[in-house]
Amino acid sequence: MPRKKRRGSNRLAPALLGIIVGVAIFYNVDFSPLFNAARAPESASATPALSPPQVVASPPLNAAQTRVPIALGVDSPASPLKPPDIAKLRGVMLEAINRDRAENGGLAPVQLDDLAGTAGQMHAEELTTAGYLSHWNQQGLVPDLRYALWGGKDLDMENVYSYFQRYSTGAPVPVDDFARYVREAEVSLMNSPGHRANILRPEHTHVGIGIAYNPKDGEFRVAQEFLNHYVDLDVLRETALPGETLVVAGRVLPGVSNPLIN
């Protein structure tokens with residue numbers, strides 16, 4: 001089994017070197033058709049790519065990168081990697097998110113949203129398979145559009161996180177605790193101003209969580225899809241004739257006041 005030193009150690013092991021790199025980016029564009037909640041000033045900004053080894057992300061609208069300390073690994077994996085339990089890890093992430101919200105202003109907890117979770121899961125899996133990090137998928141779709149294509153009707157504000165740990169041969173270091181990976185992802189996001197602001201937005205009501213791991217190269221991704229759900233909209237027609245008027249109808253949920261219609 002590999003020997004690891006995670007907290008800032010950079011001594012070379014006599015055998016193989018395992019490198020860990022973490023990157024997180026935050027997407028924040030409001031295409032909400034019904035609400036335009038007051039926004040805090042954005043504090044995240046693009047930062048240069050990491051020094052070797054590098055992870056280069058496609059340019060996001062707002063980005064913040066974080067680096068996880070180098071760890072050392074000795075020996076190659078001796079047994080197949082156990083796949084993560086995604087459902088269980090979503091619960092770990094939800095608990096971490098709501099703990100951070102409670103400890104920072106006593107914010108109301110968010111609830112899991114299955115539809116946003118599906119959109120986030122598909123994106124996280126694509127990111128690990130293709131080996132990149134971006135809010136755009138390979139078809140050029142941003143979070144709002146990806147979520148809408150799955151049937152979503154709310155505002156979607158996304159955080160994504162990237163991490164890998166592997167030997168100098170390229171083989172992944174075996175993961176013995178995926179829950180720790182998830183908790184460290186939340187810590188990293190909370191340490192980045194833009195991501196932190198997204199997690200702690202008071203108006204968020206739900207979150208979809210995507211978590212993916214590629215056992216071939218150790219690439220790990222997390223997608224957080226935060227929603228503001230205040231209105232139940234009726235199903236819209238999928239087609240319309242040129243010049244035809246379509247009516248959007250719905251109901252404001254209990255406890256919601258002063259909606260702004262755009």
# chains A, B, ... in the order shown; residues from 1 in each chain; ligands from 1
$ select_by_dssp --residues "region 111-183 of chain A" --states "alpha helix (DSSP H)" --output "PyMOL selection string"
chain A and resi 114-130+143-149+178-183
$ select_by_dssp --residues "region 74-199 of chain A" --states "strand (DSSP E or B)" --output "list in words"
Gln111, Leu112, Leu155, Asp156, Met157, Glu158, Asn159, Val160, Tyr161, Ser162, Tyr163, Phe164, Gln165, Arg166 and Pro172 of chain A
$ write_last_selection --atoms "all heavy atoms" --output "short mmCIF file (atom, residue, chain, number, x, y, z; two decimals), in the first residue's frame"
data_model
loop_
_atom_site.label_atom_id
_atom_site.label_comp_id
_atom_site.auth_asym_id
_atom_site.auth_seq_id
_atom_site.Cartn_x
_atom_site.Cartn_y
_atom_site.Cartn_z
N GLN A 111 -32.00 21.14 0.41
CA GLN A 111 -32.44 19.76 0.23
C GLN A 111 -31.88 19.21 -1.08
O GLN A 111 -31.64 19.96 -2.03
CB GLN A 111 -33.96 19.69 0.21
CG GLN A 111 -34.64 20.23 1.46
CD GLN A 111 -36.16 20.21 1.34
OE1 GLN A 111 -36.74 19.30 0.75
NE2 GLN A 111 -36.81 21.24 1.88
N LEU A 112 -31.71 17.89 -1.12
CA LEU A 112 -31.25 17.27 -2.35
C LEU A 112 -32.33 17.37 -3.43
O LEU A 112 -33.52 17.18 -3.16
CB LEU A 112 -30.91 15.80 -2.12
CG LEU A 112 -29.52 15.47 -1.58
CD1 LEU A 112 -29.38 13.96 -1.41
CD2 LEU A 112 -28.42 16.01 -2.49
N LEU A 155 -33.29 28.40 -11.22
CA LEU A 155 -31.95 28.95 -11.37
C LEU A 155 -30.93 27.91 -10.90
O LEU A 155 -31.08 27.31 -9.84
CB LEU A 155 -31.82 30.22 -10.52
CG LEU A 155 -30.40 30.78 -10.33
CD1 LEU A 155 -29.84 31.27 -11.65
CD2 LEU A 155 -30.42 31.90 -9.30
N ASP A 156 -29.89 27.68 -11.70
CA ASP A 156 -28.83 26.72 -11.37
C ASP A 156 -27.51 27.46 -11.26
O ASP A 156 -27.06 28.09 -12.22
CB ASP A 156 -28.75 25.64 -12.46
CG ASP A 156 -27.73 24.55 -12.15
OD1 ASP A 156 -26.74 24.82 -11.45
OD2 ASP A 156 -27.92 23.42 -12.63
N MET A 157 -26.88 27.40 -10.09
CA MET A 157 -25.57 28.03 -9.86
C MET A 157 -24.59 26.94 -9.44
O MET A 157 -24.74 26.35 -8.38
CB MET A 157 -25.69 29.14 -8.81
CG MET A 157 -26.64 30.25 -9.23
SD MET A 157 -26.92 31.50 -7.95
CE MET A 157 -25.30 32.24 -7.85
N GLU A 158 -23.59 26.70 -10.24
CA GLU A 158 -22.75 25.51 -10.14
C GLU A 158 -21.36 25.79 -9.57
O GLU A 158 -20.70 26.75 -9.92
CB GLU A 158 -22.61 24.90 -11.53
CG GLU A 158 -21.71 23.66 -11.60
CD GLU A 158 -21.60 23.11 -13.00
OE1 GLU A 158 -20.79 23.66 -13.79
OE2 GLU A 158 -22.35 22.15 -13.32
N ASN A 159 -20.92 24.89 -8.69
CA ASN A 159 -19.52 24.76 -8.30
C ASN A 159 -19.01 23.44 -8.85
O ASN A 159 -19.72 22.43 -8.76
CB ASN A 159 -19.34 24.73 -6.78
CG ASN A 159 -19.53 26.07 -6.12
OD1 ASN A 159 -19.52 27.11 -6.77
ND2 ASN A 159 -19.73 26.06 -4.82
N VAL A 160 -17.80 23.41 -9.38
CA VAL A 160 -17.19 22.14 -9.76
C VAL A 160 -15.78 22.06 -9.18
O VAL A 160 -15.11 23.08 -9.00
CB VAL A 160 -17.14 21.93 -11.29
CG1 VAL A 160 -18.52 21.73 -11.85
CG2 VAL A 160 -16.45 23.09 -11.99
N TYR A 161 -15.37 20.85 -8.88
CA TYR A 161 -14.10 20.60 -8.17
C TYR A 161 -13.39 19.43 -8.84
O TYR A 161 -14.02 18.45 -9.25
CB TYR A 161 -14.40 20.28 -6.71
CG TYR A 161 -13.23 19.78 -5.90
CD1 TYR A 161 -12.34 20.67 -5.28
CD2 TYR A 161 -13.02 18.41 -5.74
CE1 TYR A 161 -11.28 20.18 -4.53
CE2 TYR A 161 -11.97 17.93 -4.98
CZ TYR A 161 -11.09 18.83 -4.38
OH TYR A 161 -10.05 18.34 -3.63
N SER A 162 -12.05 19.54 -8.93
CA SER A 162 -11.24 18.52 -9.56
C SER A 162 -10.10 18.09 -8.65
O SER A 162 -9.51 18.92 -7.95
CB SER A 162 -10.65 19.07 -10.88
OG SER A 162 -9.69 18.18 -11.41
N TYR A 163 -9.78 16.79 -8.70
CA TYR A 163 -8.73 16.25 -7.84
C TYR A 163 -8.20 14.97 -8.47
O TYR A 163 -8.94 14.22 -9.10
CB TYR A 163 -9.33 15.96 -6.47
CG TYR A 163 -8.42 15.28 -5.47
CD1 TYR A 163 -7.68 16.02 -4.56
CD2 TYR A 163 -8.37 13.89 -5.40
CE1 TYR A 163 -6.88 15.39 -3.62
CE2 TYR A 163 -7.57 13.26 -4.45
CZ TYR A 163 -6.83 14.01 -3.57
OH TYR A 163 -6.04 13.38 -2.64
N PHE A 164 -6.89 14.74 -8.35
CA PHE A 164 -6.36 13.43 -8.71
C PHE A 164 -5.16 13.11 -7.86
O PHE A 164 -4.48 13.99 -7.33
CB PHE A 164 -5.99 13.33 -10.20
CG PHE A 164 -4.81 14.17 -10.62
CD1 PHE A 164 -3.51 13.75 -10.40
CD2 PHE A 164 -5.01 15.38 -11.26
CE1 PHE A 164 -2.42 14.51 -10.80
CE2 PHE A 164 -3.93 16.15 -11.66
CZ PHE A 164 -2.63 15.71 -11.43
N GLN A 165 -4.90 11.83 -7.72
CA GLN A 165 -3.71 11.35 -7.02
C GLN A 165 -3.23 10.10 -7.73
O GLN A 165 -3.96 9.11 -7.83
CB GLN A 165 -4.02 11.03 -5.56
CG GLN A 165 -2.77 10.60 -4.78
CD GLN A 165 -3.08 10.25 -3.35
OE1 GLN A 165 -4.22 9.99 -3.01
NE2 GLN A 165 -2.07 10.22 -2.50
N ARG A 166 -2.02 10.13 -8.27
CA ARG A 166 -1.50 8.97 -8.96
C ARG A 166 0.02 8.90 -8.87
O ARG A 166 0.69 9.87 -8.52
CB ARG A 166 -1.94 8.96 -10.42
CG ARG A 166 -1.75 10.24 -11.21
CD ARG A 166 -2.28 10.06 -12.63
NE ARG A 166 -2.32 11.32 -13.36
CZ ARG A 166 -3.43 12.01 -13.57
NH1 ARG A 166 -4.57 11.57 -13.10
NH2 ARG A 166 -3.40 13.15 -14.24
N PRO A 172 -3.26 5.19 -10.80
CA PRO A 172 -3.88 5.89 -9.68
C PRO A 172 -3.51 5.26 -8.35
O PRO A 172 -3.34 4.05 -8.24
CB PRO A 172 -5.38 5.73 -9.94
CG PRO A 172 -5.48 4.48 -10.75
CD PRO A 172 -4.26 4.44 -11.61
#
$ atom_distance --atom1 "CA of Ile199 (chain A)" --atom2 "CA of Ile211 (chain A)"
16.7 Å
$ closest_residue --among "A:Asp100, A:Val231, A:Glu244, A:Pro83" --to "Ser257 (chain A)" --atoms "only C-alpha atoms"
A:Val231
$ closest_residue --among "A:Asp85, A:Asp154, A:Ala179, A:Ala124" --to "Phe226 (chain A)" --atoms "only C-alpha atoms"
A:Asp154
$ closest_residue --among "A:Arg221, A:Arg183, A:His135, A:His206" --to "Asp114 (chain A)" --atoms "only C-alpha atoms"
A:His206
$ residues_around --residues "region 252-254 of chain A" --least-positions-apart "5" --cutoff "9 Å" --atoms "only C-alpha atoms" --output "list in words"
His229, Tyr230, Val231, Asp232, Leu233 and Pro259 of chain A
$ closest_residue --among "A:Val182, A:Ala197, A:Leu89, A:Val142" --to "Asn104 (chain A)" --atoms "only C-alpha atoms"
A:Ala197
$ closest_residue --among "A:Thr129, A:Asn214, A:Thr205, A:Ser134" --to "Ala171 (chain A)" --atoms "only C-alpha atoms"
A:Asn214
$ atom_distance --atom1 "CA of Tyr147 (chain A)" --atom2 "CA of Gly210 (chain A)"
12.3 Å
$ closest_residue --among "A:Gln139, A:Lys82, A:Ala96, A:Arg237" --to "Arg180 (chain A)" --atoms "only C-alpha atoms"
A:Ala96
$ atom_distance --atom1 "CA of Glu184 (chain A)" --atom2 "CA of Asn98 (chain A)"
14.9 Å
$ residues_around --residues "Val207 (chain A)" --least-positions-apart "6" --cutoff "8 Å" --atoms "only C-alpha atoms" --output "PyMOL selection string"
chain A and resi 110-113+116-117+224-227
$ write_last_selection --atoms "N, CA and C atoms" --output "mmCIF file, in the first residue's frame"
data_model
loop_
_atom_site.group_PDB
_atom_site.id
_atom_site.type_symbol
_atom_site.label_atom_id
_atom_site.label_comp_id
_atom_site.auth_asym_id
_atom_site.auth_seq_id
_atom_site.Cartn_x
_atom_site.Cartn_y
_atom_site.Cartn_z
ATOM 1 N N VAL A 110 -30.204 23.230 2.699
ATOM 2 C CA VAL A 110 -30.717 22.940 1.371
ATOM 3 C C VAL A 110 -31.082 21.460 1.306
ATOM 4 N N GLN A 111 -31.996 21.139 0.412
ATOM 5 C CA GLN A 111 -32.437 19.762 0.231
ATOM 6 C C GLN A 111 -31.884 19.214 -1.077
ATOM 7 N N LEU A 112 -31.707 17.894 -1.122
ATOM 8 C CA LEU A 112 -31.254 17.267 -2.355
ATOM 9 C C LEU A 112 -32.331 17.368 -3.433
ATOM 10 N N ASP A 113 -31.905 17.660 -4.644
ATOM 11 C CA ASP A 113 -32.804 17.696 -5.794
ATOM 12 C C ASP A 113 -32.340 16.637 -6.786
ATOM 13 N N ALA A 116 -31.544 17.974 -10.546
ATOM 14 C CA ALA A 116 -30.266 18.681 -10.606
ATOM 15 C C ALA A 116 -29.113 17.725 -10.329
ATOM 16 N N GLY A 117 -29.370 16.721 -9.478
ATOM 17 C CA GLY A 117 -28.349 15.721 -9.214
ATOM 18 C C GLY A 117 -28.010 14.916 -10.455
ATOM 19 N N GLN A 224 -21.576 20.671 -7.750
ATOM 20 C CA GLN A 224 -22.660 21.124 -6.875
ATOM 21 C C GLN A 224 -23.566 22.037 -7.694
ATOM 22 N N GLU A 225 -24.838 21.671 -7.808
ATOM 23 C CA GLU A 225 -25.811 22.443 -8.594
ATOM 24 C C GLU A 225 -26.825 23.067 -7.632
ATOM 25 N N PHE A 226 -26.591 24.314 -7.234
ATOM 26 C CA PHE A 226 -27.472 24.981 -6.281
ATOM 27 C C PHE A 226 -28.674 25.594 -6.995
ATOM 28 N N LEU A 227 -29.853 25.420 -6.396
ATOM 29 C CA LEU A 227 -31.101 25.892 -6.989
ATOM 30 C C LEU A 227 -31.811 26.867 -6.063
#
